[in-house]
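Have a look at the structure below before the remarks.
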Amino acid sequence: MPPPRTYRAESLVLKSIPLGEADLLVTLFTREAGKVRAVGKGARRPTAKLVGHLEPVTAARLHLSRGRSLDVINQAETLNSFRSLKTNLTAITRGLQVCELVDGFGSEASPNEPLYDLAQATLSAIGRAPEDEFPLLHFQLHLLNVSGLMPELQYCVGCRGNIEPDRHRYSLDGGGIFCPDCLPDQAGLRPLSLRALKVLRLLSRSSPSELPSLHLDAALSQELKSILTGTLQYWLDREIRTNSFLNQLARADRG
Amino acid sequence: MTLEHLPSAAPSLARLIQELNKLPGIGPKSAQRLAYFIIRLSDEEAQDLAEAINAVKQTIMFCSVCQNLTDVSPCPICANDRRNREQICVVEEPMDVLALERTHCYRGLYHVLHGVLSPLNGVGPDQIKLRELFARLRDGHIREVVIATNPTLEGEATAMYISRHLAGTDVKVTHLARGLPVGGSLEYTDELTLSRAFQGRQEVE
C-alpha cells in the first residue's frame with residue numbers, strides 16, 4: 001500500500017532558504033521520518049500563516065503533503081521557539097551549530113529519535129545557560145554516540161588494556177584512545193591530557209538536564225573543543241561552518 | 001548546463017541559454033524560453049536590453065558612504081543636506097532602502113550591509129559591510145543607529161552583533177518594533193512574535 005499523501009511530523013527546523021518569490025525551502029529533522037526537505041508556500045510573506053513557525057532553531061508540529069521531490073508544508077504550530085536561546089548572540093550561534101550538526105549527521109528517510117531528543121534537550125539547555133559551553137560540548141560527544149561513532153574513552157582501542165595517564169594518544173580515525181604499545185600508524189593521532197579525558201568521561205555519563213558545573217580554564221576548554229570538533233569534522237568530511245563565527249565571538253569576549 | 005548539453009542549438013543561441021541559466025531562479029527550461037523570447041524581439045528591443053545591461057554594469061557602483069547601489073557617489077540620500085545626519089538606519093539589502101523610503105517616516109541616513117551574518121553559511125562580519133558601518137560611526141556625529149534587519153534569526157544575530165560592538169559608546173542602538181503584521185491573525189501567529197508584540201504593546205490613542 002502506498003504511504004498516505006499527507007502526514008504529521010514533530011520537527012526541528014534546521015535551516016531555511018528563500019525559494020522563488022515568497023516561498024521557503026526548509027530542512028527539517030523530524031521525530032518520525034528523520035531529515036525532510038519541504039517547501040513552505042508563501043512563507044516569506046509577512047501575513048503568511050507559516051511565517052515565524054519555520055525559523056531555524058524552532059520545534060514545530062507540521063502537517064505536510066508528500067511531493068515528488070519535495071514535500072509541502074500545509075500547517076505549522078510552534079512547539080518550542082527556544083525563546084531564551086534567541087536573546088544571546090553566542091547562544092544563537094551554538095544553537096545554529098546544533099542544527100548544522102544534526103543536518104550533517106541526520107539522514108533522509110531514516111528516523112533517529114535519540115538524536116531528535118538530544119537536539120531538543122541541548123537547545124533547551126543552551127537557553128537555560130547561554131554563556132555555558134557545556135551543553136554544546138555534551139551535544140557534540142553524545143551526537144557521536146547516537147550516530148554509532150562514540151569514541152572509546154575507557155580502555156585502549158587496540159588491546160583493551162587500561163589507559164596510562166599522559167602516555168596515551170587520541171586517534172580521530174582509530175575510534176578513541178590508544179596506549180603507547182598500540183599506537184596505530186596513521187595520521188589524526190593527537191595528545192589528550194588526563195584532565196580532558198576525565199571531562200569527556202564525565203560528559204559521556206551526563207544528561208543535558210544535569211550537566212556538570214565545572215570551571216574549564218581556557219587551555220582545557222580549547223583542548224576539548226579541538227578533540228570534539230576534530231572528530232566531528234573527520235566523520236563529516238568537511239569543516240563545521242558555525243565554528244569560525246563562534247571562535248570569533250569567543251575572541252571578542254576575551255577582549 | 002554546458003554547451004555540450006545543447007548539441008542541436010546554434011552556438012550563439014546555446015551561449016545565450018547558458019548565460020541566462022546563470023541567473024538566480026532561472027533553470028534550463030526557463031533559460032531556453034527566455035532565449036527564444038529574445039530571438040523574437042525586434043532588433044531595437046534586443047539592442048535596448050543589451051545596452052541596459054551594459055549601462056548598469058558601467059555606471060552602478062557602491063555609494064562611498066552608505067554602500068547603497070548608486071550611479072553617483074555619494075548617493076542622492078547621503079548628499080542631501082536636509083536629511084538628519086545623526087541617524088543611520090542599517091538595512092540588509094538596497095531594496096530595503098526603497099521600502100523604507102516609501103513610508104516617508106524616516107529622514108535620516110542609511111547603511112546597506114549587503115547581507116546578514118549567517119554562521120550556517122559561513123558568512124561572518126568580514127563578508128558584509130560591517131567594517132564600513134563601524135568606520136562611519138567612529139567620526140562621532142552619529143547619535144542613533146536604527147537596526148532594520150529582517151526579523152529572522154540571522155537578522156536578529158546581526159542586530160545583536162552591531163549592538164555588542166557599540167556597547168559602551170554614546171551611540172544609541174534601536175531596532176524596528178517586532179510584532180503583528182497589518183492584516184495578520186493572532187490565531188496563526190507564532191509564540192515568539194506574539195510575546196514580542198505583547199512586550200511592545202502601546203496605549204490606545
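If you're wondering about the labels, chains in the C-alpha cells are A, B, ... by order shown, residues count from 1 in each chain, ligands from 1 in order shown.
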Requested in this report: Tell me the residues of chain B close to chain A, meaning within 8 Å using only C-alpha atoms, as a list of chain:residue names.
Outcome: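 Going by the stated atoms only, the list reads B:Gly25, B:Pro119, B:Leu120, B:Asn121, B:Gly122, B:Gly124, B:Thr152, B:Leu153, B:Ala157, B:Met160, B:Tyr161, B:Pro181, B:Val182, B:Gly183, B:Gly184, B:Ser185, B:Tyr188, B:Thr189, B:Asp190, B:Glu191, B:Leu192, B:Thr193.
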Find the residues around Val72 in chain B up to 9 Å (only C-alpha atoms counted), leave out those fewer than 5 positions away in its own chain, and share them as a list in words.
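The residues that qualify are Thr59, Ile60, Met61, Phe62 and Cys63 of chain B.
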Output all heavy atoms for every residue in that selection, as a PDB file, in the first residue's frame.
```pdb
ATOM      1  N   THR B  59      27.781  51.912 -14.932  1.00  0.00           N
ATOM      2  CA  THR B  59      27.528  53.112 -14.118  1.00  0.00           C
ATOM      3  C   THR B  59      27.200  52.823 -12.655  1.00  0.00           C
ATOM      4  O   THR B  59      27.399  53.688 -11.807  1.00  0.00           O
ATOM      5  CB  THR B  59      26.350  53.927 -14.709  1.00  0.00           C
ATOM      6  OG1 THR B  59      25.204  53.086 -14.758  1.00  0.00           O
ATOM      7  CG2 THR B  59      26.661  54.433 -16.103  1.00  0.00           C
ATOM      8  N   ILE B  60      26.661  51.641 -12.344  1.00  0.00           N
ATOM      9  CA  ILE B  60      26.235  51.398 -10.968  1.00  0.00           C
ATOM     10  C   ILE B  60      27.431  51.014 -10.102  1.00  0.00           C
ATOM     11  O   ILE B  60      28.259  50.183 -10.481  1.00  0.00           O
ATOM     12  CB  ILE B  60      25.146  50.295 -10.906  1.00  0.00           C
ATOM     13  CG1 ILE B  60      23.877  50.754 -11.625  1.00  0.00           C
ATOM     14  CG2 ILE B  60      24.815  49.927  -9.465  1.00  0.00           C
ATOM     15  CD1 ILE B  60      23.180  51.962 -11.017  1.00  0.00           C
ATOM     16  N   MET B  61      27.517  51.652  -8.941  1.00  0.00           N
ATOM     17  CA  MET B  61      28.627  51.388  -8.009  1.00  0.00           C
ATOM     18  C   MET B  61      28.081  51.463  -6.582  1.00  0.00           C
ATOM     19  O   MET B  61      26.916  51.807  -6.376  1.00  0.00           O
ATOM     20  CB  MET B  61      29.717  52.433  -8.207  1.00  0.00           C
ATOM     21  CG  MET B  61      29.221  53.839  -7.962  1.00  0.00           C
ATOM     22  SD  MET B  61      30.444  55.054  -8.392  1.00  0.00           S
ATOM     23  CE  MET B  61      29.586  56.080  -9.544  1.00  0.00           C
ATOM     24  N   PHE B  62      28.935  51.131  -5.632  1.00  0.00           N
ATOM     25  CA  PHE B  62      28.561  51.296  -4.228  1.00  0.00           C
ATOM     26  C   PHE B  62      28.767  52.756  -3.830  1.00  0.00           C
ATOM     27  O   PHE B  62      29.803  53.340  -4.164  1.00  0.00           O
ATOM     28  CB  PHE B  62      29.439  50.433  -3.317  1.00  0.00           C
ATOM     29  CG  PHE B  62      29.179  48.955  -3.445  1.00  0.00           C
ATOM     30  CD1 PHE B  62      30.224  48.072  -3.663  1.00  0.00           C
ATOM     31  CD2 PHE B  62      27.896  48.436  -3.330  1.00  0.00           C
ATOM     32  CE1 PHE B  62      29.994  46.716  -3.778  1.00  0.00           C
ATOM     33  CE2 PHE B  62      27.665  47.085  -3.442  1.00  0.00           C
ATOM     34  CZ  PHE B  62      28.709  46.221  -3.667  1.00  0.00           C
ATOM     35  N   CYS B  63      27.780  53.337  -3.122  1.00  0.00           N
ATOM     36  CA  CYS B  63      27.966  54.683  -2.561  1.00  0.00           C
ATOM     37  C   CYS B  63      29.122  54.617  -1.574  1.00  0.00           C
ATOM     38  O   CYS B  63      29.178  53.705  -0.743  1.00  0.00           O
ATOM     39  CB  CYS B  63      26.681  55.141  -1.865  1.00  0.00           C
ATOM     40  SG  CYS B  63      26.906  56.626  -0.880  1.00  0.00           S
TER      41      CYS B  63
END
```
Inset, instruction - Write down as a ChimeraX atom specification the residues belonging to range 12-249 of chain A that are assigned strand (DSSP E) by DSSP computed on the backbone. - result: /A:12-19,23-30,34-40,58-65,71-80,169-171,176-178,189-191
In Å, rounded to a single decimal, give me how far CA of Leu189 in chain A is from CA of Ser207 in chain A.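 Pair CA of Ser207 in chain A / CA of Leu189 in chain A returns 28.5 Å.
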As number ranges by chain, please: the residues near range 65-68 of chain B (cut-off 12 Å, only C-alpha atoms, same-chain neighbours under 5 positions excluded). B: 60, 73-79, 85, 88-98, 108-115, 128-137
Expressed in Å, the length from CA of Pro4 in chain A to CA of His63 in chain A is 12.2 Å
Excluding Trp235 in chain A and any residue of its chain fewer than 3 positions from it, enumerate the residues within 12 Å of it, using only C-alpha atoms, and give them as a JSON list (two decimals) with C-alpha atoms, in the first residue's frame.
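The resulting result_28.json:
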```
[["chain", "number", "residue", "atom", "x", "y", "z"],
["A", 101, "LEU", "CA", 25.47, 19.06, 13.05],
["A", 104, "GLY", "CA", 25.21, 16.73, 8.80],
["A", 105, "PHE", "CA", 24.67, 13.53, 10.80],
["A", 143, "LEU", "CA", 25.91, 13.15, 18.83],
["A", 144, "LEU", "CA", 28.76, 10.73, 18.11],
["A", 147, "SER", "CA", 25.24, 8.14, 15.47],
["A", 148, "GLY", "CA", 27.11, 4.96, 16.44],
["A", 149, "LEU", "CA", 30.51, 6.71, 16.36],
["A", 150, "MET", "CA", 31.23, 7.15, 20.08],
["A", 151, "PRO", "CA", 34.99, 7.18, 20.67],
["A", 172, "LEU", "CA", 40.44, 10.69, 15.26],
["A", 173, "ASP", "CA", 40.06, 7.86, 12.77],
["A", 174, "GLY", "CA", 41.01, 4.98, 15.06],
["A", 175, "GLY", "CA", 37.93, 5.33, 17.26],
["A", 228, "LEU", "CA", 35.44, 17.00, 19.61],
["A", 229, "THR", "CA", 35.43, 19.33, 16.61],
["A", 230, "GLY", "CA", 38.25, 17.34, 15.02],
["A", 231, "THR", "CA", 36.34, 14.06, 15.47],
["A", 232, "LEU", "CA", 33.08, 15.51, 14.13],
["A", 238, "ARG", "CA", 34.14, 18.93, 5.99],
["A", 239, "GLU", "CA", 34.58, 21.91, 8.28],
["A", 240, "ILE", "CA", 31.87, 22.90, 10.76]]
```
- Message: One decimal, in Å: what's the spacing between CA of Val72 in chain A and CA of Gln32 in chain B?
- Response: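 For CA of Val72 in chain A relative to CA of Gln32 in chain B, the distance reads 27.5 Å.
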- Query: DSSP on the backbone: what in range 123-164 of chain B comes out alpha helix (DSSP H), as number ranges by chain?
  - Reply: B: 130-137, 153-164
* Asked: Do you know which residues are at most 12 Å from Ser65 in chain A counting only C-alpha atoms, after dropping those on the same chain fewer than 3 positions away, and could you put them as a list in words?
  ->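 With the cut-off at 12 Å, the set is Pro3, Pro4, Arg5, Thr6, Tyr7, Arg8, Ala9, Val36, Arg37, Ala38, Val39, Gly40, Lys41, Leu62, Arg68, Ser69, Leu70, Asp71, Val72, Ile73, Asn74 and Gln75 of chain A.
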Can you write just those residues out, N, CA, C and O atoms, as a short mmCIF file (atom, residue, chain, number, x, y, z; two decimals), in the first residue's frame?
```cif
data_model
loop_
_atom_site.label_atom_id
_atom_site.label_comp_id
_atom_site.auth_asym_id
_atom_site.auth_seq_id
_atom_site.Cartn_x
_atom_site.Cartn_y
_atom_site.Cartn_z
N PRO A 3 2.30 4.97 0.84
CA PRO A 3 2.16 5.77 2.06
C PRO A 3 1.09 6.85 1.87
O PRO A 3 0.84 7.28 0.73
N PRO A 4 0.40 7.26 2.95
CA PRO A 4 -0.64 8.28 2.81
C PRO A 4 -0.06 9.57 2.23
O PRO A 4 1.11 9.89 2.43
N ARG A 5 -0.91 10.32 1.50
CA ARG A 5 -0.44 11.53 0.82
C ARG A 5 -0.06 12.63 1.79
O ARG A 5 0.77 13.47 1.50
N THR A 6 -0.71 12.65 2.97
CA THR A 6 -0.36 13.69 3.96
C THR A 6 0.09 13.01 5.24
O THR A 6 -0.26 11.87 5.51
N TYR A 7 0.87 13.73 6.01
CA TYR A 7 1.33 13.18 7.30
C TYR A 7 1.65 14.33 8.26
O TYR A 7 1.82 15.47 7.83
N ARG A 8 1.71 13.98 9.53
CA ARG A 8 2.09 14.96 10.56
C ARG A 8 3.48 14.62 11.07
O ARG A 8 3.83 13.44 11.13
N ALA A 9 4.24 15.62 11.44
CA ALA A 9 5.58 15.35 11.95
C ALA A 9 5.98 16.38 12.99
O ALA A 9 5.76 17.58 12.80
N VAL A 36 13.96 15.78 6.46
CA VAL A 36 12.98 16.01 5.39
C VAL A 36 13.23 17.41 4.82
O VAL A 36 13.48 18.35 5.58
N ARG A 37 13.17 17.52 3.49
CA ARG A 37 13.22 18.86 2.88
C ARG A 37 11.84 19.17 2.35
O ARG A 37 11.22 18.35 1.67
N ALA A 38 11.34 20.34 2.73
CA ALA A 38 9.96 20.66 2.38
C ALA A 38 9.85 22.14 2.01
O ALA A 38 10.70 22.95 2.37
N VAL A 39 8.78 22.46 1.28
CA VAL A 39 8.56 23.83 0.84
C VAL A 39 7.44 24.45 1.67
O VAL A 39 6.40 23.83 1.88
N GLY A 40 7.69 25.65 2.16
CA GLY A 40 6.63 26.44 2.81
C GLY A 40 6.15 27.46 1.79
O GLY A 40 6.82 28.46 1.54
N LYS A 41 4.99 27.19 1.19
CA LYS A 41 4.49 28.07 0.12
C LYS A 41 4.09 29.42 0.71
O LYS A 41 3.31 29.48 1.66
N LEU A 62 4.14 19.90 12.35
CA LEU A 62 3.81 20.26 10.97
C LEU A 62 2.86 19.26 10.34
O LEU A 62 2.88 18.07 10.69
N ARG A 68 6.69 15.02 -5.24
CA ARG A 68 7.56 14.11 -6.00
C ARG A 68 9.01 14.23 -5.53
O ARG A 68 9.67 13.24 -5.29
N SER A 69 9.49 15.48 -5.41
CA SER A 69 10.86 15.62 -4.91
C SER A 69 10.87 16.29 -3.53
O SER A 69 11.67 15.94 -2.68
N LEU A 70 9.98 17.27 -3.33
CA LEU A 70 9.93 17.97 -2.04
C LEU A 70 8.53 17.89 -1.47
O LEU A 70 7.54 17.98 -2.20
N ASP A 71 8.43 17.72 -0.15
CA ASP A 71 7.12 17.74 0.49
C ASP A 71 6.68 19.19 0.67
O ASP A 71 7.49 20.12 0.59
N VAL A 72 5.40 19.39 0.89
CA VAL A 72 4.86 20.74 1.04
C VAL A 72 4.27 20.88 2.44
O VAL A 72 3.52 20.00 2.90
N ILE A 73 4.62 21.98 3.12
CA ILE A 73 4.11 22.21 4.47
C ILE A 73 2.75 22.89 4.38
O ILE A 73 2.64 23.98 3.80
N ASN A 74 1.72 22.26 4.93
CA ASN A 74 0.37 22.83 4.87
C ASN A 74 0.06 23.65 6.12
O ASN A 74 -0.56 24.71 6.03
N GLN A 75 0.43 23.13 7.28
CA GLN A 75 0.12 23.82 8.53
C GLN A 75 1.32 23.70 9.47
O GLN A 75 2.06 22.72 9.40
#
```
* **Pick from A:Val199, A:Ser171, A:Ala109, A:Ala121 nearest to Leu216 in chain A, counting only C-alpha atoms** =>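 Of the candidates, the smallest distance to Leu216 in chain A is held by A:Val199.
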For Ser209 in chain A, please output as a PDB file with N, CA and C atoms, in the first residue's frame all residues within 9 Å (counting only C-alpha atoms; exclusion window: fewer than 3 positions along the same chain).
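Heads up, here's the output in out21.pdb:
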```pdb
ATOM      1  N   ALA A 121      16.810  18.663  23.758  1.00  0.00           N
ATOM      2  CA  ALA A 121      17.270  18.874  25.137  1.00  0.00           C
ATOM      3  C   ALA A 121      18.463  19.819  25.164  1.00  0.00           C
ATOM      4  N   THR A 122      19.333  19.717  24.162  1.00  0.00           N
ATOM      5  CA  THR A 122      20.516  20.592  24.117  1.00  0.00           C
ATOM      6  C   THR A 122      20.106  22.045  23.890  1.00  0.00           C
ATOM      7  N   SER A 124      17.328  23.438  24.673  1.00  0.00           N
ATOM      8  CA  SER A 124      16.746  23.947  25.931  1.00  0.00           C
ATOM      9  C   SER A 124      17.845  24.270  26.936  1.00  0.00           C
ATOM     10  N   ALA A 125      18.865  23.385  27.018  1.00  0.00           N
ATOM     11  CA  ALA A 125      19.959  23.605  27.975  1.00  0.00           C
ATOM     12  C   ALA A 125      20.755  24.856  27.609  1.00  0.00           C
ATOM     13  N   PRO A 135      26.702  22.625  27.432  1.00  0.00           N
ATOM     14  CA  PRO A 135      25.644  21.982  26.641  1.00  0.00           C
ATOM     15  C   PRO A 135      26.096  21.616  25.226  1.00  0.00           C
ATOM     16  N   SER A 206      26.734  12.170  31.547  1.00  0.00           N
ATOM     17  CA  SER A 206      25.787  13.217  31.969  1.00  0.00           C
ATOM     18  C   SER A 206      24.625  13.315  30.983  1.00  0.00           C
TER      19      SER A 206
END
```
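Residues with any atom within 10 Å of Pro18 in chain A, counting only C-alpha atoms and excluding same-chain neighbours fewer than 5 positions away, are Asp23, Leu24, Leu25, Val26, Val39, Gly40, Ala43 and Arg44 of chain A.
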Between B:Thr158, B:Asn80, B:Thr103, B:Gln18, single out the one closest to Ser118 in chain B, counting only C-alpha atoms.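 Smallest separation from Ser118 in chain B among the options: B:Thr158.
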Name the closest residue to Gly106 in chain A among the candidates A:Lys35, A:His142, A:Arg167, A:Arg66; distances are taken between atoms, counting only C-alpha atoms.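 Using only C-alpha atoms, Gly106 in chain A sits closest to A:Lys35.
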